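Here's run-v5.pdb, which has PDB, C-alpha atoms:
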```pdb
MODEL        1
ATOM      1  CA  MET N 159    -154.611 129.037  50.070
ATOM      2  CA  ALA N 160    -151.318 127.154  49.877
ATOM      3  CA  THR N 161    -149.233 127.427  53.017
ATOM      4  CA  GLY N 162    -146.331 125.577  54.537
ATOM      5  CA  LEU N 163    -143.480 123.369  53.434
ATOM      6  CA  LEU N 164    -143.551 119.675  52.542
ATOM      7  CA  ALA N 165    -140.170 117.930  52.461
ATOM      8  CA  LEU N 166    -139.900 114.546  50.735
ATOM      9  CA  GLY N 167    -136.806 112.374  50.926
ATOM     10  CA  ASP N 168    -134.553 110.010  52.837
ATOM     11  CA  SER N 169    -131.964 110.319  55.623
ATOM     12  CA  TYR N 170    -130.697 113.634  54.259
ATOM     13  CA  THR N 171    -134.171 115.121  54.700
ATOM     14  CA  ILE N 172    -135.140 113.494  58.011
ATOM     15  CA  GLY N 173    -131.711 114.392  59.369
ATOM     16  CA  GLU N 174    -130.354 111.063  60.601
ATOM     17  CA  GLY N 175    -128.454 111.652  63.843
ATOM     18  CA  VAL N 176    -129.497 115.268  64.461
ATOM     19  CA  GLU N 177    -132.425 116.917  66.211
ATOM     20  CA  ALA N 178    -135.367 117.845  63.994
ATOM     21  CA  VAL N 179    -134.781 121.547  64.625
ATOM     22  CA  ALA N 180    -131.274 121.217  63.138
ATOM     23  CA  THR N 181    -132.377 119.694  59.824
ATOM     24  CA  TRP N 182    -132.366 121.830  56.720
ATOM     25  CA  PRO N 183    -136.166 121.533  56.101
ATOM     26  CA  PHE N 184    -136.897 122.818  59.610
ATOM     27  CA  ARG N 185    -134.413 125.660  59.257
ATOM     28  CA  LEU N 186    -135.706 126.467  55.783
ATOM     29  CA  ALA N 187    -139.264 126.768  57.083
ATOM     30  CA  GLN N 188    -138.033 129.108  59.805
ATOM     31  CA  ARG N 189    -136.149 131.244  57.321
ATOM     32  CA  LEU N 190    -139.208 131.477  55.083
ATOM     33  CA  ALA N 191    -141.436 132.331  58.074
ATOM     34  CA  MET N 192    -143.454 129.149  57.538
ATOM     35  CA  PRO N 193    -144.856 126.787  60.167
ATOM     36  CA  ARG N 194    -143.067 123.569  61.111
ATOM     37  CA  PRO N 195    -142.665 121.553  57.888
ATOM     38  CA  ASP N 196    -144.431 118.334  57.074
ATOM     39  CA  VAL N 197    -141.777 115.712  56.381
ATOM     40  CA  VAL N 198    -142.160 112.365  54.613
ATOM     41  CA  ALA N 199    -138.713 110.808  54.782
ATOM     42  CA  ARG N 200    -136.923 107.821  56.291
ATOM     43  CA  THR N 201    -133.334 106.687  56.432
ATOM     44  CA  GLY N 202    -132.674 104.121  53.717
ATOM     45  CA  TRP N 203    -135.597 104.956  51.462
ATOM     46  CA  SER N 204    -135.122 104.679  47.723
ATOM     47  CA  ALA N 205    -137.261 106.687  45.309
ATOM     48  CA  ASP N 206    -139.813 103.915  44.870
ATOM     49  CA  GLU N 207    -140.085 103.385  48.642
ATOM     50  CA  LEU N 208    -140.709 107.089  49.184
ATOM     51  CA  LEU N 209    -143.305 107.027  46.445
ATOM     52  CA  ALA N 210    -145.111 104.087  48.078
ATOM     53  CA  ALA N 211    -145.080 105.810  51.465
ATOM     54  CA  LEU N 212    -146.880 108.855  50.097
ATOM     55  CA  ASP N 213    -150.055 106.821  49.656
ATOM     56  CA  ASP N 214    -150.487 106.548  53.439
ATOM     57  CA  ALA N 215    -148.884 109.807  54.567
ATOM     58  CA  PRO N 216    -151.158 112.169  56.546
ATOM     59  CA  LEU N 217    -150.668 115.284  54.448
ATOM     60  CA  ALA N 218    -152.605 118.535  54.111
ATOM     61  CA  PRO N 219    -152.062 119.987  50.635
ATOM     62  CA  PRO N 220    -151.799 122.363  48.948
ATOM     63  CA  TYR N 221    -148.334 123.423  50.072
ATOM     64  CA  ALA N 222    -146.584 126.676  49.250
ATOM     65  CA  LEU N 223    -143.354 124.751  48.620
ATOM     66  CA  VAL N 224    -142.474 121.074  48.162
ATOM     67  CA  THR N 225    -138.870 119.861  48.264
ATOM     68  CA  VAL N 226    -137.561 116.533  46.970
ATOM     69  CA  LEU N 227    -134.174 115.016  47.827
ATOM     70  CA  VAL N 228    -133.928 111.310  47.034
ATOM     71  CA  GLY N 229    -131.762 108.883  45.084
ATOM     72  CA  VAL N 230    -128.706 108.163  47.199
ATOM     73  CA  ASN N 231    -130.078 104.799  48.321
ATOM     74  CA  ASP N 232    -130.874 103.843  44.735
ATOM     75  CA  GLN N 233    -127.241 104.614  43.912
ATOM     76  CA  TYR N 234    -125.915 102.810  46.994
ATOM     77  CA  ARG N 235    -127.823  99.653  46.013
ATOM     78  CA  GLY N 236    -126.195  99.698  42.591
ATOM     79  CA  ARG N 237    -129.277 100.586  40.586
ATOM     80  CA  GLU N 238    -128.821 102.122  37.187
ATOM     81  CA  VAL N 239    -130.003 105.674  36.626
ATOM     82  CA  ALA N 240    -132.498 104.349  34.065
ATOM     83  CA  GLU N 241    -134.131 102.258  36.803
ATOM     84  CA  HIS N 242    -134.328 105.195  39.204
ATOM     85  CA  LEU N 243    -135.575 107.876  36.848
ATOM     86  CA  PRO N 244    -139.148 106.626  36.219
ATOM     87  CA  HIS N 245    -139.845 106.524  39.968
ATOM     88  CA  PHE N 246    -138.291 109.961  40.372
ATOM     89  CA  ASN N 247    -140.455 111.311  37.542
ATOM     90  CA  VAL N 248    -143.615 110.079  39.269
ATOM     91  CA  LEU N 249    -142.375 111.657  42.502
ATOM     92  CA  LEU N 250    -142.101 114.962  40.679
ATOM     93  CA  SER N 251    -145.697 114.605  39.504
ATOM     94  CA  ARG N 252    -146.838 113.900  43.055
ATOM     95  CA  ALA N 253    -144.832 116.862  44.340
ATOM     96  CA  VAL N 254    -146.429 119.181  41.773
ATOM     97  CA  ALA N 255    -149.869 117.913  42.776
ATOM     98  CA  PHE N 256    -149.084 118.614  46.441
ATOM     99  CA  ALA N 257    -148.036 122.126  45.376
ATOM    100  CA  ASP N 258    -151.481 122.875  43.961
ATOM    101  CA  GLY N 259    -150.399 121.893  40.463
ATOM    102  CA  ASP N 260    -147.699 124.562  40.224
ATOM    103  CA  PRO N 261    -144.254 123.210  39.224
ATOM    104  CA  HIS N 262    -142.676 126.492  40.298
ATOM    105  CA  ARG N 263    -143.472 125.568  43.900
ATOM    106  CA  VAL N 264    -141.321 122.426  43.710
ATOM    107  CA  LEU N 265    -137.600 122.439  44.499
ATOM    108  CA  VAL N 266    -135.364 119.431  43.903
ATOM    109  CA  VAL N 267    -132.195 119.260  45.999
ATOM    110  CA  SER N 268    -129.219 117.414  44.521
ATOM    111  CA  ILE N 269    -127.905 114.140  45.953
ATOM    112  CA  PRO N 270    -124.906 114.715  48.250
ATOM    113  CA  ASP N 271    -121.690 112.781  47.698
ATOM    114  CA  TRP N 272    -121.231 110.301  50.528
ATOM    115  CA  GLY N 273    -118.075 109.006  48.834
ATOM    116  CA  VAL N 274    -115.963 111.655  50.575
ATOM    117  CA  THR N 275    -117.001 110.552  54.071
ATOM    118  CA  PRO N 276    -115.036 108.265  56.423
ATOM    119  CA  PHE N 277    -117.879 105.742  56.090
ATOM    120  CA  ALA N 278    -116.989 105.286  52.413
ATOM    121  CA  ALA N 279    -113.357 104.427  53.139
ATOM    122  CA  ASP N 280    -114.223 100.739  53.401
ATOM    123  CA  ASP N 281    -116.486 100.709  50.342
ATOM    124  CA  ALA N 282    -114.897  98.658  47.569
ATOM    125  CA  ARG N 283    -116.230 100.977  44.868
ATOM    126  CA  GLY N 284    -113.976 103.820  45.956
ATOM    127  CA  GLY N 285    -114.660 107.524  46.228
ATOM    128  CA  ALA N 286    -114.070 108.345  42.567
ATOM    129  CA  ALA N 287    -116.520 105.701  41.355
ATOM    130  CA  ILE N 288    -119.137 106.800  43.891
ATOM    131  CA  ALA N 289    -118.708 110.410  42.805
ATOM    132  CA  ALA N 290    -119.155 109.455  39.159
ATOM    133  CA  ARG N 291    -122.400 107.627  39.900
ATOM    134  CA  ILE N 292    -123.707 110.497  42.044
ATOM    135  CA  ASP N 293    -122.902 112.875  39.184
ATOM    136  CA  ALA N 294    -124.813 110.668  36.753
ATOM    137  CA  TYR N 295    -127.866 110.584  39.002
ATOM    138  CA  ASN N 296    -127.761 114.331  39.543
ATOM    139  CA  ALA N 297    -127.342 115.064  35.858
ATOM    140  CA  ALA N 298    -130.368 112.931  35.001
ATOM    141  CA  GLN N 299    -132.488 114.499  37.737
ATOM    142  CA  ARG N 300    -131.449 117.990  36.729
ATOM    143  CA  GLU N 301    -132.258 117.362  33.055
ATOM    144  CA  LEU N 302    -135.693 116.017  33.931
ATOM    145  CA  CYS N 303    -136.365 119.001  36.197
ATOM    146  CA  ALA N 304    -135.418 121.375  33.386
ATOM    147  CA  LEU N 305    -137.828 119.634  31.040
ATOM    148  CA  ARG N 306    -140.598 119.995  33.610
ATOM    149  CA  ASP N 307    -139.740 123.596  34.578
ATOM    150  CA  ILE N 308    -138.907 122.521  38.139
ATOM    151  CA  ALA N 309    -136.112 124.186  40.084
ATOM    152  CA  TRP N 310    -133.009 122.189  41.018
ATOM    153  CA  VAL N 311    -130.390 123.264  43.551
ATOM    154  CA  ASP N 312    -126.881 121.871  44.053
ATOM    155  CA  VAL N 313    -125.703 120.855  47.530
ATOM    156  CA  THR N 314    -123.347 118.201  46.167
ATOM    157  CA  ALA N 315    -120.506 120.699  45.899
ATOM    158  CA  ALA N 316    -120.944 121.673  49.550
ATOM    159  CA  SER N 317    -121.048 118.026  50.611
ATOM    160  CA  ARG N 318    -117.767 117.406  48.806
ATOM    161  CA  ALA N 319    -116.158 120.487  50.281
ATOM    162  CA  CYS N 320    -116.881 119.579  53.894
ATOM    163  CA  GLY N 321    -117.971 115.934  53.954
ATOM    164  CA  ALA N 322    -114.614 114.601  55.109
ATOM    165  CA  ASP N 323    -114.515 116.928  58.145
ATOM    166  CA  PRO N 324    -115.607 115.067  61.308
ATOM    167  CA  ALA N 325    -117.208 118.263  62.603
ATOM    168  CA  MET N 326    -119.504 118.230  59.588
ATOM    169  CA  LEU N 327    -120.723 114.671  60.266
ATOM    170  CA  VAL N 328    -122.576 112.860  63.025
ATOM    171  CA  GLY N 329    -121.047 109.942  64.865
ATOM    172  CA  ASP N 330    -121.614 107.379  62.117
ATOM    173  CA  GLY N 331    -119.095 109.162  59.880
ATOM    174  CA  LEU N 332    -121.653 109.298  57.086
ATOM    175  CA  HIS N 333    -124.600 111.581  57.743
ATOM    176  CA  PRO N 334    -124.319 115.379  57.909
ATOM    177  CA  SER N 335    -124.163 117.213  61.201
ATOM    178  CA  ALA N 336    -126.177 120.316  62.025
ATOM    179  CA  ALA N 337    -123.220 122.383  60.841
ATOM    180  CA  GLN N 338    -123.258 120.787  57.393
ATOM    181  CA  TYR N 339    -127.009 121.234  57.059
ATOM    182  CA  ALA N 340    -126.523 124.908  57.915
ATOM    183  CA  ALA N 341    -124.007 125.147  55.070
ATOM    184  CA  TRP N 342    -126.455 123.541  52.663
ATOM    185  CA  LEU N 343    -129.144 125.985  53.700
ATOM    186  CA  GLU N 344    -127.129 128.911  52.383
ATOM    187  CA  THR N 345    -127.701 127.473  48.902
ATOM    188  CA  ILE N 346    -131.163 126.011  49.410
ATOM    189  CA  ALA N 347    -132.828 129.061  50.969
ATOM    190  CA  PRO N 348    -132.182 131.484  48.071
ATOM    191  CA  ALA N 349    -133.398 128.847  45.601
ATOM    192  CA  ALA N 350    -136.538 128.335  47.672
ATOM    193  CA  ARG N 351    -137.226 132.064  47.718
ATOM    194  CA  ARG N 352    -136.897 132.175  43.940
ATOM    195  CA  CYS N 353    -139.458 129.357  43.717
ATOM    196  CA  LEU N 354    -141.920 131.288  45.855
ATOM    197  CA  ASP N 355    -141.353 134.434  43.790
ATOM    198  CA  ARG N 356    -142.113 132.508  40.584
ATOM    199  CA  ALA N 357    -145.135 130.660  41.937
ATOM    200  CA  GLY N 358    -148.469 131.509  40.427
TER     201      GLY N 358
ENDMDL
END
```

Taking this structure as input, can you express it in the form of structure tokens?
Amino acid sequence: MATGLLALGDSYTIGEGVEAVATWPFRLAQRLAMPRPDVVARTGWSADELLAALDDAPLAPPYALVTVLVGVNDQYRGREVAEHLPHFNVLLSRAVAFADGDPHRVLVVSIPDWGVTPFAADDARGGAAIAARIDAYNAAQRELCALRDIAWVDVTAASRACGADPAMLVGDGLHPSAAQYAAWLETIAPAARRCLDRAG
């Protein structure tokens, strides 16, 4: 029987700069009355690096729910969406496999907009250009999820609403604080419950 949560991603999933108990996957598992989540994520990972890491990850499928949040590092490195999307598509296939073959047990979380943070102030691309690229990535991911009947949830709006507030960031001026993750959870948790309700 499928139990538990598997969270796949990068710094936004591992929770760079915050305690594990303050990350949104940990809080989501608590809210869903699940055990401590399995997490395969690392700061700086692109989609292809996450995909490669799955081959050696000590996992115990099937999972009741698998989340995927990845792509910001592809965007940061200047990769085109067309380069990112094939890796992301394979990640979706792996996620579905980890969810006992049920796409309704997979939830993709949108890429937050780091362009509003103090860290981005020195980036030559500028906040508007970063936002446009993040939007392009998210649109492509969302379209692919729709084609594969996989749920997609938007935290980008929340990241833009509070991402410039120092209280919503850790000391590096880039990564979300526990307070920002809590704000994201108010959107993620209802979407996750809908996934579980739809699951076969």

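Nearest to His242 in chain N of all the residues N:Leu217, N:Ala205, N:Val266, N:Val226 is N:Ala205, counting all atoms listed in the file.
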
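Distance check against Asp271 in chain N using all atoms listed in the file: of N:Gly229, N:Pro348, N:Pro324, N:Gly202, the minimum falls on N:Gly229.
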
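All residues that come within 12 Å of the coordinates (-130.7, 115.8, 66.1), counting only C-alpha atoms, are given as Ser169, Thr171, Ile172, Gly173, Glu174, Gly175, Val176, Glu177, Ala178, Val179, Ala180, Thr181, Trp182, Phe184, Leu327, Val328, Gly329, His333, Pro334, Ser335, Ala336, Ala337 and Tyr339 of chain N.
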
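As for CA of Leu305 in chain N and CA of Ile269 in chain N, they are spaced 18.7 Å apart.
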
Axis-aligned box over every listed atom of range 177-195 of chain N, padded by 6 Å per side: centre and edges in Å to one decimal, as lines of an AutoDock Vina configuration file?
```
center_x = -138.1
center_y = 124.6
center_z = 60.6
size_x = 25.6
size_y = 27.4
size_z = 23.1
```

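Computed from the coordinates, the CA of Gly285 in chain N to CA of Ala349 in chain N distance equals 28.4 Å.
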
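Rounded to one decimal, CA of Leu166 in chain N and CA of Ala278 in chain N lie 24.8 Å from each other.
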
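Taking all atoms listed in the file into account, Phe277 in chain N lies nearest to N:Gly331 out of the set N:Gly331, N:Pro244, N:Pro261, N:Gly321.
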
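For the residues N:Leu164, N:Ala316, N:Val311, N:Ala287, ranking by smallest atom-to-atom distance to Arg352 in chain N using all atoms listed in the file places N:Val311 first.
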
Shell around Arg252 in chain N at 12 Å using all atoms listed in the file, local window under 3 positions removed, as a PyMOL selection string: chain N and resi 164+166+208-213+219-221+224-226+245-249+255-261+264

Any chance you can output those residues with C-alpha atoms as a compact mmCIF listing (two decimals), keeping the file's coordinate frame?
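File written: selection-v6.txt
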```txt
# COMPACT_ATOMS: atom_id res chain seq x y z
CA LEU N 164 -143.55 119.68 52.54
CA LEU N 166 -139.90 114.55 50.74
CA LEU N 208 -140.71 107.09 49.18
CA LEU N 209 -143.30 107.03 46.44
CA ALA N 210 -145.11 104.09 48.08
CA ALA N 211 -145.08 105.81 51.46
CA LEU N 212 -146.88 108.86 50.10
CA ASP N 213 -150.06 106.82 49.66
CA PRO N 219 -152.06 119.99 50.64
CA PRO N 220 -151.80 122.36 48.95
CA TYR N 221 -148.33 123.42 50.07
CA VAL N 224 -142.47 121.07 48.16
CA THR N 225 -138.87 119.86 48.26
CA VAL N 226 -137.56 116.53 46.97
CA HIS N 245 -139.84 106.52 39.97
CA PHE N 246 -138.29 109.96 40.37
CA ASN N 247 -140.46 111.31 37.54
CA VAL N 248 -143.62 110.08 39.27
CA LEU N 249 -142.38 111.66 42.50
CA ALA N 255 -149.87 117.91 42.78
CA PHE N 256 -149.08 118.61 46.44
CA ALA N 257 -148.04 122.13 45.38
CA ASP N 258 -151.48 122.88 43.96
CA GLY N 259 -150.40 121.89 40.46
CA ASP N 260 -147.70 124.56 40.22
CA PRO N 261 -144.25 123.21 39.22
CA VAL N 264 -141.32 122.43 43.71
```

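Nearest to Gly167 in chain N of all the residues N:Val239, N:Ala350, N:Ala218, N:Ala253 is N:Ala253, based on all atoms listed in the file.
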
Proximity to Arg356 in chain N - best of N:Ala165, N:Asp232, N:Asp307, N:Gly273, all atoms listed in the file: N:Asp307

For Asp312 in chain N: contacts at 12 Å, only C-alpha atoms, fewer than 5 positions along chain excluded, given as JSON, numbers by chain: {"N": [227, 265, 266, 267, 268, 269, 270, 271, 292, 293, 296, 297, 299, 300, 317, 318, 341, 342, 343, 344, 345, 346, 347, 348, 349]}

Fill-in result for range 216-234 of chain N, N, CA and C atoms as a PDB file, keeping the file's coordinate frame:
```pdb
ATOM      1  N   PRO N 216    -150.107 111.224  56.146  1.00  0.00           N
ATOM      2  CA  PRO N 216    -151.158 112.169  56.546  1.00  0.00           C
ATOM      3  C   PRO N 216    -150.773 113.600  56.167  1.00  0.00           C
ATOM      4  N   LEU N 217    -151.072 113.982  54.955  1.00  0.00           N
ATOM      5  CA  LEU N 217    -150.668 115.284  54.448  1.00  0.00           C
ATOM      6  C   LEU N 217    -151.864 116.219  54.319  1.00  0.00           C
ATOM      7  N   ALA N 218    -151.549 117.528  54.200  1.00  0.00           N
ATOM      8  CA  ALA N 218    -152.605 118.535  54.111  1.00  0.00           C
ATOM      9  C   ALA N 218    -152.294 119.525  52.998  1.00  0.00           C
ATOM     10  N   PRO N 219    -152.320 119.065  51.739  1.00  0.00           N
ATOM     11  CA  PRO N 219    -152.062 119.987  50.635  1.00  0.00           C
ATOM     12  C   PRO N 219    -153.237 120.953  50.449  1.00  0.00           C
ATOM     13  N   PRO N 220    -153.022 122.044  49.705  1.00  0.00           N
ATOM     14  CA  PRO N 220    -151.799 122.363  48.948  1.00  0.00           C
ATOM     15  C   PRO N 220    -150.728 123.016  49.811  1.00  0.00           C
ATOM     16  N   TYR N 221    -149.474 122.838  49.388  1.00  0.00           N
ATOM     17  CA  TYR N 221    -148.334 123.423  50.072  1.00  0.00           C
ATOM     18  C   TYR N 221    -147.760 124.567  49.245  1.00  0.00           C
ATOM     19  N   ALA N 222    -147.217 125.552  49.940  1.00  0.00           N
ATOM     20  CA  ALA N 222    -146.584 126.676  49.250  1.00  0.00           C
ATOM     21  C   ALA N 222    -145.289 126.246  48.573  1.00  0.00           C
ATOM     22  N   LEU N 223    -144.619 125.232  49.171  1.00  0.00           N
ATOM     23  CA  LEU N 223    -143.354 124.751  48.620  1.00  0.00           C
ATOM     24  C   LEU N 223    -143.201 123.278  48.953  1.00  0.00           C
ATOM     25  N   VAL N 224    -142.755 122.499  47.963  1.00  0.00           N
ATOM     26  CA  VAL N 224    -142.474 121.074  48.162  1.00  0.00           C
ATOM     27  C   VAL N 224    -141.038 120.822  47.726  1.00  0.00           C
ATOM     28  N   THR N 225    -140.249 120.205  48.614  1.00  0.00           N
ATOM     29  CA  THR N 225    -138.870 119.861  48.264  1.00  0.00           C
ATOM     30  C   THR N 225    -138.745 118.350  48.104  1.00  0.00           C
ATOM     31  N   VAL N 226    -137.830 117.950  47.234  1.00  0.00           N
ATOM     32  CA  VAL N 226    -137.561 116.533  46.970  1.00  0.00           C
ATOM     33  C   VAL N 226    -136.044 116.324  46.982  1.00  0.00           C
ATOM     34  N   LEU N 227    -135.591 115.403  47.809  1.00  0.00           N
ATOM     35  CA  LEU N 227    -134.174 115.016  47.827  1.00  0.00           C
ATOM     36  C   LEU N 227    -134.139 113.509  48.027  1.00  0.00           C
ATOM     37  N   VAL N 228    -133.912 112.768  46.950  1.00  0.00           N
ATOM     38  CA  VAL N 228    -133.928 111.310  47.034  1.00  0.00           C
ATOM     39  C   VAL N 228    -133.076 110.739  45.900  1.00  0.00           C
ATOM     40  N   GLY N 229    -132.524 109.556  46.123  1.00  0.00           N
ATOM     41  CA  GLY N 229    -131.762 108.883  45.084  1.00  0.00           C
ATOM     42  C   GLY N 229    -130.475 108.252  45.578  1.00  0.00           C
ATOM     43  N   VAL N 230    -129.980 108.704  46.731  1.00  0.00           N
ATOM     44  CA  VAL N 230    -128.706 108.163  47.199  1.00  0.00           C
ATOM     45  C   VAL N 230    -128.801 106.673  47.505  1.00  0.00           C
ATOM     46  N   ASN N 231    -129.943 106.219  48.003  1.00  0.00           N
ATOM     47  CA  ASN N 231    -130.078 104.799  48.321  1.00  0.00           C
ATOM     48  C   ASN N 231    -130.259 103.945  47.068  1.00  0.00           C
ATOM     49  N   ASP N 232    -130.842 104.525  46.028  1.00  0.00           N
ATOM     50  CA  ASP N 232    -130.874 103.843  44.735  1.00  0.00           C
ATOM     51  C   ASP N 232    -129.433 103.626  44.251  1.00  0.00           C
ATOM     52  N   GLN N 233    -128.636 104.701  44.345  1.00  0.00           N
ATOM     53  CA  GLN N 233    -127.241 104.614  43.912  1.00  0.00           C
ATOM     54  C   GLN N 233    -126.458 103.627  44.769  1.00  0.00           C
ATOM     55  N   TYR N 234    -126.656 103.683  46.078  1.00  0.00           N
ATOM     56  CA  TYR N 234    -125.915 102.810  46.994  1.00  0.00           C
ATOM     57  C   TYR N 234    -126.200 101.334  46.700  1.00  0.00           C
TER      58      TYR N 234
END
```
